[in-house]
Amino acid sequence: MKKYIDIYLKSFFFMSLLFLFLSIIVYQRTDVRPPFALVSYGIFIVSIFLSTSIWLFKLEEGNGLIHAIIGYLVLIPAILVIRNVYGTALFRFSYLIYIIFIFIGIIYGIVFAVVSKKYKNEVDKLNEMIDKNKN
């Protein structure tokens, strides 16, 4: 639980910066001020989804592929929350949300591939060391 809270606090900090940046963009482009309470609740909820996704991705027990898929599925509601917070002021076209889903999926897949390759190399090195010590 301590690791999850640490991940949550970091994601809350970065989501606060992201939402501040998005609020400034919305205000500059449309002269609409998003309500503070709505933005605050959005930060809270998106941080929960993001930290859960990262926590699932970092789990060492169980199947890593299943954790990665579940972690990606947990991210999808976070994007929908961002869309509900900013509405049409930020997402003028409905297809933009699908492009964001695809973009995050690609990034998530690349990260998973890199981490799994690094993990496999580490396991191979450890197995090689064990075989060397046996001889």
# chains A, B, ... in the order shown; residues from 1 in each chain; ligands from 1
>>> residues_around(residues="range 53-62 of chain A", least_positions_apart="5", cutoff="7 Å", atoms="only C-alpha atoms", output="ChimeraX atom specification")
/A:4,67-68,71-72,74-75
>>> write_last_selection(atoms="C-alpha atoms", output="compact mmCIF listing (two decimals), in the first residue's frame")
# COMPACT_ATOMS: atom_id res chain seq x y z
CA TYR A 4 0.69 2.72 -4.23
CA HIS A 67 -1.00 -6.81 -15.92
CA ALA A 68 -0.11 -4.57 -18.87
CA GLY A 71 -3.32 -1.44 -16.73
CA TYR A 72 -4.14 -0.07 -20.19
CA VAL A 74 -7.66 1.18 -16.40
CA LEU A 75 -6.27 4.20 -18.29
>>> residues_around(residues="Ile43 in chain A", least_positions_apart="6", cutoff="8 Å", atoms="only C-alpha atoms", output="PyMOL selection string")
chain A and resi 12+15-16+19
>>> write_last_selection(atoms="C-alpha atoms", output="PDB file, in the first residue's frame")
ATOM      1  CA  PHE A  12      -1.345  13.594  -8.519  1.00  0.00           C
ATOM      2  CA  MET A  15      -1.817  15.517 -13.214  1.00  0.00           C
ATOM      3  CA  SER A  16      -2.148  18.809 -11.343  1.00  0.00           C
ATOM      4  CA  PHE A  19      -4.687  20.043 -15.725  1.00  0.00           C
TER       5      PHE A  19
END
>>> closest_residue(among="A:Tyr108, A:Phe13, A:Tyr86, A:Tyr98", to="Pro35 in chain A", atoms="only C-alpha atoms")
A:Tyr86
>>> residues_around(residues="Phe103 in chain A", least_positions_apart="6", cutoff="12 Å", atoms="only C-alpha atoms", output="list in words")
Tyr72, Ile76, Ile79, Leu96, Ile97, Gly109 and Ile110 of chain A
